[in-house]
file input.cif (mmCIF, N, CA and C atoms)
data_upload
#
loop_
_atom_site.label_atom_id
_atom_site.label_comp_id
_atom_site.auth_asym_id
_atom_site.auth_seq_id
_atom_site.Cartn_x
_atom_site.Cartn_y
_atom_site.Cartn_z
N MET U 1 91.94 87.27 102.58
CA MET U 1 92.42 88.39 101.80
C MET U 1 93.93 88.22 101.63
N ASP U 2 94.42 88.36 100.43
CA ASP U 2 95.85 88.21 100.15
C ASP U 2 96.57 89.50 100.53
N MET U 3 97.38 89.42 101.55
CA MET U 3 98.05 90.59 102.11
C MET U 3 99.51 90.71 101.66
N THR U 4 99.90 89.98 100.64
CA THR U 4 101.29 89.94 100.21
C THR U 4 101.84 91.34 99.89
N GLU U 5 101.10 92.13 99.14
CA GLU U 5 101.59 93.46 98.75
C GLU U 5 101.74 94.38 99.95
N LEU U 6 100.76 94.39 100.85
CA LEU U 6 100.86 95.26 102.02
C LEU U 6 102.01 94.82 102.93
N ARG U 7 102.22 93.54 103.06
CA ARG U 7 103.36 93.07 103.86
C ARG U 7 104.69 93.46 103.19
N ARG U 8 104.75 93.36 101.89
CA ARG U 8 105.96 93.78 101.16
C ARG U 8 106.22 95.26 101.39
N GLN U 9 105.15 96.06 101.35
CA GLN U 9 105.30 97.50 101.60
C GLN U 9 105.78 97.75 103.03
N HIS U 10 105.27 96.99 103.99
CA HIS U 10 105.76 97.14 105.36
C HIS U 10 107.26 96.87 105.42
N ASP U 11 107.71 95.85 104.71
CA ASP U 11 109.14 95.55 104.69
C ASP U 11 109.94 96.71 104.09
N GLU U 12 109.44 97.28 103.00
CA GLU U 12 110.11 98.43 102.37
C GLU U 12 110.16 99.61 103.33
N ILE U 13 109.03 99.93 103.95
CA ILE U 13 108.95 101.05 104.88
C ILE U 13 109.92 100.83 106.04
N SER U 14 109.93 99.63 106.59
CA SER U 14 110.83 99.32 107.71
C SER U 14 112.29 99.47 107.30
N HIS U 15 112.63 99.00 106.11
CA HIS U 15 114.00 99.10 105.62
C HIS U 15 114.41 100.57 105.46
N THR U 16 113.56 101.36 104.85
CA THR U 16 113.88 102.78 104.64
C THR U 16 113.94 103.52 105.96
N ALA U 17 113.03 103.22 106.88
CA ALA U 17 113.06 103.85 108.21
C ALA U 17 114.35 103.49 108.93
N HIS U 18 114.80 102.26 108.79
CA HIS U 18 116.06 101.84 109.41
C HIS U 18 117.24 102.62 108.81
N ARG U 19 117.23 102.79 107.51
CA ARG U 19 118.30 103.58 106.86
C ARG U 19 118.31 105.01 107.39
N LEU U 20 117.12 105.59 107.55
CA LEU U 20 117.03 106.96 108.08
C LEU U 20 117.48 107.00 109.54
N ALA U 21 117.13 105.99 110.31
CA ALA U 21 117.56 105.92 111.71
C ALA U 21 119.09 105.87 111.79
N LEU U 22 119.70 105.07 110.94
CA LEU U 22 121.17 104.99 110.93
C LEU U 22 121.79 106.32 110.54
N ALA U 23 121.20 106.99 109.56
CA ALA U 23 121.74 108.27 109.08
C ALA U 23 121.61 109.37 110.13
N THR U 24 120.65 109.23 111.03
CA THR U 24 120.44 110.28 112.05
C THR U 24 120.89 109.83 113.44
N ALA U 25 121.60 108.73 113.52
CA ALA U 25 122.06 108.24 114.82
C ALA U 25 123.16 109.11 115.42
N ASP U 26 123.96 109.73 114.56
CA ASP U 26 125.05 110.58 115.02
C ASP U 26 124.59 112.03 115.00
N HIS U 27 124.27 112.55 116.17
CA HIS U 27 123.73 113.91 116.27
C HIS U 27 124.78 114.98 116.00
N ALA U 28 126.04 114.61 115.98
CA ALA U 28 127.10 115.61 115.81
C ALA U 28 127.56 115.78 114.37
N ASN U 29 127.29 114.82 113.52
CA ASN U 29 127.78 114.87 112.15
C ASN U 29 126.64 114.85 111.15
N PRO U 30 126.24 116.02 110.66
CA PRO U 30 125.12 116.10 109.71
C PRO U 30 125.39 115.29 108.45
N ARG U 31 124.33 114.70 107.95
CA ARG U 31 124.40 113.92 106.71
C ARG U 31 123.28 114.38 105.79
N SER U 32 123.44 114.04 104.55
CA SER U 32 122.39 114.33 103.57
C SER U 32 121.35 113.23 103.68
N VAL U 33 120.15 113.61 104.12
CA VAL U 33 119.10 112.61 104.34
C VAL U 33 117.84 112.91 103.52
N GLY U 34 117.89 113.95 102.71
CA GLY U 34 116.70 114.35 101.96
C GLY U 34 116.12 113.23 101.11
N ALA U 35 116.97 112.52 100.38
CA ALA U 35 116.48 111.46 99.50
C ALA U 35 115.83 110.33 100.29
N ILE U 36 116.42 109.98 101.43
CA ILE U 36 115.85 108.91 102.25
C ILE U 36 114.51 109.35 102.84
N ARG U 37 114.46 110.58 103.33
CA ARG U 37 113.20 111.09 103.90
C ARG U 37 112.08 111.07 102.87
N TRP U 38 112.36 111.53 101.67
CA TRP U 38 111.32 111.58 100.65
C TRP U 38 110.95 110.19 100.14
N GLN U 39 111.91 109.28 100.13
CA GLN U 39 111.59 107.90 99.77
C GLN U 39 110.63 107.31 100.81
N LEU U 40 110.92 107.55 102.08
CA LEU U 40 110.04 107.06 103.14
C LEU U 40 108.66 107.70 103.03
N ALA U 41 108.61 108.98 102.74
CA ALA U 41 107.32 109.67 102.60
C ALA U 41 106.50 109.06 101.47
N ARG U 42 107.13 108.82 100.33
CA ARG U 42 106.40 108.21 99.20
C ARG U 42 105.90 106.81 99.56
N GLN U 43 106.76 106.03 100.17
CA GLN U 43 106.36 104.67 100.55
C GLN U 43 105.20 104.69 101.54
N LEU U 44 105.31 105.53 102.54
CA LEU U 44 104.29 105.58 103.59
C LEU U 44 102.96 106.09 103.05
N MET U 45 102.98 107.16 102.29
CA MET U 45 101.73 107.73 101.78
C MET U 45 101.04 106.76 100.81
N GLY U 46 101.81 106.10 99.96
CA GLY U 46 101.22 105.10 99.06
C GLY U 46 100.63 103.94 99.83
N HIS U 47 101.32 103.51 100.85
CA HIS U 47 100.85 102.40 101.68
C HIS U 47 99.56 102.76 102.41
N LEU U 48 99.54 103.94 103.02
CA LEU U 48 98.35 104.36 103.76
C LEU U 48 97.15 104.51 102.83
N ALA U 49 97.39 105.02 101.64
CA ALA U 49 96.29 105.17 100.67
C ALA U 49 95.72 103.80 100.29
N LEU U 50 96.58 102.83 100.09
CA LEU U 50 96.13 101.48 99.73
C LEU U 50 95.34 100.86 100.88
N GLU U 51 95.82 101.04 102.09
CA GLU U 51 95.07 100.52 103.24
C GLU U 51 93.70 101.19 103.34
N ASP U 52 93.67 102.51 103.18
CA ASP U 52 92.39 103.23 103.29
C ASP U 52 91.42 102.83 102.19
N ARG U 53 91.93 102.58 101.00
CA ARG U 53 91.07 102.29 99.86
C ARG U 53 90.57 100.84 99.85
N ILE U 54 91.40 99.91 100.31
CA ILE U 54 91.04 98.50 100.17
C ILE U 54 90.95 97.76 101.50
N LEU U 55 91.99 97.85 102.32
CA LEU U 55 92.05 97.03 103.53
C LEU U 55 90.99 97.41 104.55
N TYR U 56 90.96 98.66 104.96
CA TYR U 56 90.02 99.05 106.01
C TYR U 56 88.56 98.86 105.62
N PRO U 57 88.16 99.22 104.42
CA PRO U 57 86.77 98.94 104.05
C PRO U 57 86.43 97.45 104.12
N ALA U 58 87.34 96.59 103.69
CA ALA U 58 87.09 95.15 103.76
C ALA U 58 86.96 94.68 105.20
N LEU U 59 87.82 95.18 106.06
CA LEU U 59 87.77 94.78 107.47
C LEU U 59 86.51 95.30 108.16
N GLN U 60 86.07 96.47 107.76
CA GLN U 60 84.87 97.03 108.39
C GLN U 60 83.59 96.37 107.89
N ARG U 61 83.69 95.57 106.84
CA ARG U 61 82.54 94.78 106.37
C ARG U 61 82.57 93.36 106.92
N ALA U 62 83.57 93.02 107.70
CA ALA U 62 83.72 91.65 108.20
C ALA U 62 82.54 91.27 109.09
N ASP U 63 82.23 89.99 109.10
CA ASP U 63 81.15 89.47 109.93
C ASP U 63 81.48 89.58 111.42
N ASP U 64 82.74 89.46 111.74
CA ASP U 64 83.21 89.44 113.12
C ASP U 64 83.28 90.85 113.72
N ALA U 65 82.60 91.09 114.83
CA ALA U 65 82.58 92.41 115.47
C ALA U 65 83.97 92.81 115.95
N HIS U 66 84.75 91.87 116.45
CA HIS U 66 86.11 92.17 116.91
C HIS U 66 86.96 92.72 115.76
N THR U 67 86.84 92.12 114.60
CA THR U 67 87.58 92.59 113.42
C THR U 67 87.17 94.00 113.06
N ARG U 68 85.88 94.26 113.03
CA ARG U 68 85.38 95.60 112.68
C ARG U 68 85.86 96.65 113.69
N THR U 69 85.76 96.33 114.97
CA THR U 69 86.16 97.27 116.03
C THR U 69 87.66 97.55 115.98
N THR U 70 88.44 96.49 115.84
CA THR U 70 89.90 96.64 115.78
C THR U 70 90.30 97.48 114.56
N ALA U 71 89.70 97.20 113.43
CA ALA U 71 90.01 97.95 112.21
C ALA U 71 89.66 99.42 112.36
N ALA U 72 88.50 99.71 112.94
CA ALA U 72 88.09 101.11 113.11
C ALA U 72 89.06 101.85 114.03
N ALA U 73 89.47 101.21 115.11
CA ALA U 73 90.39 101.85 116.05
C ALA U 73 91.75 102.10 115.40
N LEU U 74 92.26 101.12 114.68
CA LEU U 74 93.56 101.29 114.03
C LEU U 74 93.50 102.30 112.89
N GLN U 75 92.38 102.36 112.20
CA GLN U 75 92.26 103.34 111.12
C GLN U 75 92.28 104.76 111.69
N ALA U 76 91.64 104.97 112.82
CA ALA U 76 91.66 106.29 113.46
C ALA U 76 93.09 106.66 113.85
N GLU U 77 93.84 105.70 114.38
CA GLU U 77 95.23 105.95 114.74
C GLU U 77 96.08 106.24 113.51
N THR U 78 95.76 105.60 112.41
CA THR U 78 96.52 105.82 111.17
C THR U 78 96.41 107.27 110.73
N GLY U 79 95.23 107.85 110.87
CA GLY U 79 95.05 109.25 110.53
C GLY U 79 95.98 110.14 111.34
N ALA U 80 96.12 109.82 112.62
CA ALA U 80 97.01 110.60 113.48
C ALA U 80 98.46 110.42 113.05
N LEU U 81 98.85 109.21 112.69
CA LEU U 81 100.22 108.96 112.24
C LEU U 81 100.50 109.70 110.94
N ALA U 82 99.58 109.65 110.00
CA ALA U 82 99.76 110.34 108.72
C ALA U 82 99.89 111.84 108.94
N GLU U 83 99.06 112.39 109.82
CA GLU U 83 99.12 113.83 110.10
C GLU U 83 100.45 114.19 110.77
N SER U 84 100.87 113.38 111.71
CA SER U 84 102.14 113.62 112.40
C SER U 84 103.32 113.55 111.43
N PHE U 85 103.31 112.56 110.55
CA PHE U 85 104.39 112.42 109.59
C PHE U 85 104.39 113.59 108.61
N SER U 86 103.22 113.99 108.16
CA SER U 86 103.11 115.13 107.25
C SER U 86 103.64 116.41 107.90
N SER U 87 103.30 116.61 109.17
CA SER U 87 103.80 117.78 109.90
C SER U 87 105.32 117.74 110.02
N TYR U 88 105.84 116.57 110.30
CA TYR U 88 107.30 116.39 110.39
C TYR U 88 107.97 116.76 109.06
N MET U 89 107.43 116.25 107.96
CA MET U 89 108.01 116.54 106.65
C MET U 89 107.95 118.03 106.32
N THR U 90 106.84 118.66 106.67
CA THR U 90 106.67 120.09 106.41
C THR U 90 107.60 120.93 107.28
N ALA U 91 107.72 120.55 108.54
CA ALA U 91 108.50 121.34 109.49
C ALA U 91 110.00 121.31 109.20
N TRP U 92 110.47 120.21 108.63
CA TRP U 92 111.91 120.04 108.45
C TRP U 92 112.32 120.18 106.99
N SER U 93 112.50 121.42 106.57
CA SER U 93 113.03 121.68 105.22
C SER U 93 114.50 121.29 105.22
N ASP U 94 115.07 121.13 104.04
CA ASP U 94 116.49 120.77 103.94
C ASP U 94 117.37 121.81 104.63
N ASP U 95 117.01 123.09 104.47
CA ASP U 95 117.78 124.16 105.12
C ASP U 95 117.72 124.04 106.64
N ARG U 96 116.53 123.79 107.16
CA ARG U 96 116.38 123.67 108.61
C ARG U 96 117.12 122.43 109.12
N VAL U 97 117.06 121.36 108.38
CA VAL U 97 117.79 120.14 108.77
C VAL U 97 119.27 120.47 108.93
N ALA U 98 119.83 121.18 107.96
CA ALA U 98 121.25 121.53 108.00
C ALA U 98 121.57 122.44 109.19
N ARG U 99 120.69 123.39 109.49
CA ARG U 99 120.91 124.33 110.60
C ARG U 99 120.72 123.69 111.97
N GLU U 100 119.76 122.77 112.07
CA GLU U 100 119.37 122.23 113.37
C GLU U 100 119.48 120.70 113.38
N TRP U 101 120.62 120.22 112.94
CA TRP U 101 120.81 118.78 112.77
C TRP U 101 120.47 117.97 114.03
N ALA U 102 120.98 118.36 115.18
CA ALA U 102 120.74 117.58 116.40
C ALA U 102 119.25 117.50 116.72
N ASP U 103 118.55 118.61 116.60
CA ASP U 103 117.10 118.61 116.86
C ASP U 103 116.36 117.77 115.81
N PHE U 104 116.81 117.86 114.57
CA PHE U 104 116.22 117.04 113.52
C PHE U 104 116.39 115.55 113.84
N CYS U 105 117.57 115.17 114.29
CA CYS U 105 117.82 113.77 114.63
C CYS U 105 116.86 113.29 115.71
N ILE U 106 116.63 114.11 116.72
CA ILE U 106 115.72 113.76 117.80
C ILE U 106 114.30 113.61 117.26
N ALA U 107 113.87 114.57 116.45
CA ALA U 107 112.52 114.51 115.87
C ALA U 107 112.37 113.29 114.97
N THR U 108 113.41 113.00 114.20
CA THR U 108 113.37 111.86 113.28
C THR U 108 113.28 110.55 114.05
N GLN U 109 114.06 110.43 115.10
CA GLN U 109 114.02 109.19 115.90
C GLN U 109 112.62 108.97 116.49
N ALA U 110 111.96 110.05 116.91
CA ALA U 110 110.60 109.93 117.46
C ALA U 110 109.62 109.47 116.38
N VAL U 111 109.74 110.03 115.19
CA VAL U 111 108.86 109.64 114.07
C VAL U 111 109.10 108.18 113.69
N ILE U 112 110.35 107.79 113.63
CA ILE U 112 110.68 106.41 113.27
C ILE U 112 110.17 105.44 114.33
N ARG U 113 110.30 105.81 115.59
CA ARG U 113 109.79 104.96 116.67
C ARG U 113 108.28 104.74 116.52
N ALA U 114 107.54 105.83 116.29
CA ALA U 114 106.08 105.74 116.12
C ALA U 114 105.73 104.89 114.90
N LEU U 115 106.45 105.09 113.82
CA LEU U 115 106.20 104.34 112.59
C LEU U 115 106.50 102.86 112.78
N THR U 116 107.61 102.56 113.42
CA THR U 116 107.99 101.17 113.67
C THR U 116 106.97 100.47 114.56
N GLU U 117 106.53 101.16 115.60
CA GLU U 117 105.50 100.59 116.48
C GLU U 117 104.22 100.32 115.71
N ARG U 118 103.87 101.22 114.81
CA ARG U 118 102.66 101.06 114.02
C ARG U 118 102.75 99.86 113.09
N VAL U 119 103.85 99.75 112.38
CA VAL U 119 104.04 98.62 111.46
C VAL U 119 104.00 97.31 112.25
N ASP U 120 104.69 97.27 113.39
CA ASP U 120 104.68 96.06 114.21
C ASP U 120 103.27 95.71 114.68
N ARG U 121 102.53 96.71 115.09
CA ARG U 121 101.17 96.47 115.57
C ARG U 121 100.27 95.96 114.45
N GLU U 122 100.37 96.56 113.28
CA GLU U 122 99.58 96.07 112.15
C GLU U 122 99.95 94.63 111.81
N ASN U 123 101.24 94.33 111.81
CA ASN U 123 101.68 92.97 111.49
C ASN U 123 101.17 91.96 112.52
N ARG U 124 101.14 92.35 113.78
CA ARG U 124 100.71 91.45 114.85
C ARG U 124 99.19 91.36 115.00
N THR U 125 98.49 92.49 114.80
CA THR U 125 97.08 92.56 115.14
C THR U 125 96.16 92.62 113.93
N LEU U 126 96.43 93.57 113.04
CA LEU U 126 95.50 93.84 111.94
C LEU U 126 95.63 92.83 110.80
N TYR U 127 96.83 92.57 110.36
CA TYR U 127 97.00 91.70 109.20
C TYR U 127 96.54 90.27 109.45
N PRO U 128 96.74 89.71 110.64
CA PRO U 128 96.16 88.38 110.89
C PRO U 128 94.63 88.36 110.77
N LEU U 129 93.98 89.46 111.15
CA LEU U 129 92.52 89.55 110.97
C LEU U 129 92.18 89.55 109.49
N ALA U 130 92.95 90.30 108.72
CA ALA U 130 92.70 90.38 107.27
C ALA U 130 92.96 89.03 106.60
N ASP U 131 93.92 88.29 107.12
CA ASP U 131 94.21 86.96 106.54
C ASP U 131 93.01 86.03 106.62
N ARG U 132 92.15 86.25 107.59
CA ARG U 132 90.98 85.37 107.78
C ARG U 132 89.79 85.74 106.91
N ILE U 133 89.86 86.89 106.28
CA ILE U 133 88.75 87.33 105.42
C ILE U 133 88.81 86.56 104.10
N ASP U 134 87.68 86.39 103.50
CA ASP U 134 87.50 85.66 102.23
C ASP U 134 88.74 85.67 101.35
N ASN U 135 89.38 84.54 101.25
CA ASN U 135 90.59 84.41 100.44
C ASN U 135 90.31 84.29 98.95
N SER U 136 89.04 84.32 98.55
CA SER U 136 88.74 84.25 97.12
C SER U 136 88.86 85.63 96.46
N ALA U 137 88.98 86.66 97.28
CA ALA U 137 89.14 88.02 96.73
C ALA U 137 90.51 88.11 96.05
N PRO U 138 90.62 88.96 95.02
CA PRO U 138 91.93 89.12 94.37
C PRO U 138 92.93 89.74 95.33
N PRO U 139 94.22 89.48 95.13
CA PRO U 139 95.22 90.05 96.02
C PRO U 139 95.20 91.58 95.95
N ILE U 140 95.54 92.18 97.07
CA ILE U 140 95.68 93.63 97.10
C ILE U 140 96.90 93.98 96.26
N ALA U 141 96.72 94.94 95.37
CA ALA U 141 97.82 95.32 94.47
C ALA U 141 98.00 96.82 94.48
N ARG U 142 99.23 97.21 94.24
CA ARG U 142 99.57 98.62 94.15
C ARG U 142 98.84 99.23 92.97
N ALA U 143 98.38 100.46 93.14
CA ALA U 143 97.67 101.16 92.06
C ALA U 143 98.65 101.46 90.93
N GLY U 144 98.12 101.56 89.73
CA GLY U 144 98.93 101.97 88.60
C GLY U 144 99.25 100.85 87.77
#
call {"tool": "encode", "arguments": {"input": "input.cif", "output": "structure tokens"}}
result
Amino acid sequence: MDMTELRRQHDEISHTAHRLALATADHANPRSVGAIRWQLARQLMGHLALEDRILYPALQRADDAHTRTTAAALQAETGALAESFSSYMTAWSDDRVAREWADFCIATQAVIRALTERVDRENRTLYPLADRIDNSAPPIARAG
């Protein structure tokens, strides 16, 4: 399976998460982070949708039981990550971010840590499994 697009999306997500981490590293000096947060949200939600629509179904049809089991476990964890990220985005309005900057920074660092761990785990565990699946399939491509 050609994983080029999903790997590119991981790179984008990691880059944007890093920008947000830098912007929230100073708990004493509030910054405007709304655009970065929403960019990360768009990237992450689009990526998760693509994985759910194409990657996970392909992995769950694999001949290898280890691939199927690993994919099912990681897909369940993805749901938890998506829910956690959605709650974070909902909880932190721009007004609340401005009022509670230090707490927002702490919450943001936790979200970024979870997201970074997830991307790293997929890159190390899930994507190598997908690389072994029938390479005659067309590459995974962004919708639209």
call {"tool": "atom_distance", "arguments": {"input": "input.cif", "atom1": "atom N of U:Thr116", "atom2": "atom C of U:Leu48"}}
result
15.0 Å
call {"tool": "atom_distance", "arguments": {"input": "input.cif", "atom1": "atom CA of U:Met45", "atom2": "atom CA of U:Tyr88"}}
result
13.4 Å
call {"tool": "closest_residue", "arguments": {"input": "input.cif", "among": "U:Tyr56, U:Phe104, U:Tyr127, U:Phe85", "to": "U:Asn29", "atoms": "only C-alpha atoms"}}
result
U:Phe104
call {"tool": "atom_distance", "arguments": {"input": "input.cif", "atom1": "atom CA of U:Leu74", "atom2": "atom CA of U:Cys105"}}
result
27.3 Å
call {"tool": "closest_residue", "arguments": {"input": "input.cif", "among": "U:Arg42, U:His47, U:Arg68, U:Arg37", "to": "U:His10", "atoms": "only N, CA and C atoms"}}
result
U:His47
call {"tool": "axis_aligned_box", "arguments": {"input": "input.cif", "around": "stretch 114-122 of chain U", "padding_each_side": "8 Å", "output": "AutoDock Vina command-line options"}}
result
--center_x 103.8 --center_y 100.2 --center_z 114.0 --size_x 24.4 --size_y 27.2 --size_z 21.0
call {"tool": "residues_near_point", "arguments": {"input": "input.cif", "point": "(106.7, 111.4, 111.6)", "cutoff": "9 Å", "atoms": "only C-alpha atoms", "output": "list of chain:residue names"}}
result
U:Leu81, U:Ala82, U:Glu83, U:Ser84, U:Phe85, U:Ser86, U:Ser87, U:Tyr88, U:Met89, U:Ala107, U:Thr108, U:Gln109, U:Ala110, U:Val111, U:Ile112, U:Arg113, U:Ala114, U:Leu115
call {"tool": "write_last_selection", "arguments": {"input": "input.cif", "atoms": "N, CA and C atoms", "output": "CSV table (one decimal), keeping the file's coordinate frame"}}
result
chain,number,residue,atom,x,y,z
U,81,LEU,N,98.8,109.2,112.7
U,81,LEU,CA,100.2,109.0,112.2
U,81,LEU,C,100.5,109.7,110.9
U,82,ALA,N,99.6,109.6,110.0
U,82,ALA,CA,99.8,110.3,108.7
U,82,ALA,C,99.9,111.8,108.9
U,83,GLU,N,99.1,112.4,109.8
U,83,GLU,CA,99.1,113.8,110.1
U,83,GLU,C,100.4,114.2,110.8
U,84,SER,N,100.9,113.4,111.7
U,84,SER,CA,102.1,113.6,112.4
U,84,SER,C,103.3,113.6,111.4
U,85,PHE,N,103.3,112.6,110.6
U,85,PHE,CA,104.4,112.4,109.6
U,85,PHE,C,104.4,113.6,108.6
U,86,SER,N,103.2,114.0,108.2
U,86,SER,CA,103.1,115.1,107.2
U,86,SER,C,103.6,116.4,107.9
U,87,SER,N,103.3,116.6,109.2
U,87,SER,CA,103.8,117.8,109.9
U,87,SER,C,105.3,117.7,110.0
U,88,TYR,N,105.8,116.6,110.3
U,88,TYR,CA,107.3,116.4,110.4
U,88,TYR,C,108.0,116.8,109.1
U,89,MET,N,107.4,116.2,108.0
U,89,MET,CA,108.0,116.5,106.6
U,89,MET,C,108.0,118.0,106.3
U,107,ALA,N,113.9,114.6,116.4
U,107,ALA,CA,112.5,114.5,115.9
U,107,ALA,C,112.4,113.3,115.0
U,108,THR,N,113.4,113.0,114.2
U,108,THR,CA,113.4,111.9,113.3
U,108,THR,C,113.3,110.6,114.0
U,109,GLN,N,114.1,110.4,115.1
U,109,GLN,CA,114.0,109.2,115.9
U,109,GLN,C,112.6,109.0,116.5
U,110,ALA,N,112.0,110.0,116.9
U,110,ALA,CA,110.6,109.9,117.5
U,110,ALA,C,109.6,109.5,116.4
U,111,VAL,N,109.7,110.0,115.2
U,111,VAL,CA,108.9,109.6,114.1
U,111,VAL,C,109.1,108.2,113.7
U,112,ILE,N,110.4,107.8,113.6
U,112,ILE,CA,110.7,106.4,113.3
U,112,ILE,C,110.2,105.4,114.3
U,113,ARG,N,110.3,105.8,115.6
U,113,ARG,CA,109.8,105.0,116.7
U,113,ARG,C,108.3,104.7,116.5
U,114,ALA,N,107.5,105.8,116.3
U,114,ALA,CA,106.1,105.7,116.1
U,114,ALA,C,105.7,104.9,114.9
U,115,LEU,N,106.4,105.1,113.8
U,115,LEU,CA,106.2,104.3,112.6
U,115,LEU,C,106.5,102.9,112.8
call {"tool": "closest_residue", "arguments": {"input": "input.cif", "among": "U:Ala130, U:Asp95, U:Ala41, U:Ala17", "to": "U:Leu55", "atoms": "only N, CA and C atoms"}}
result
U:Ala130
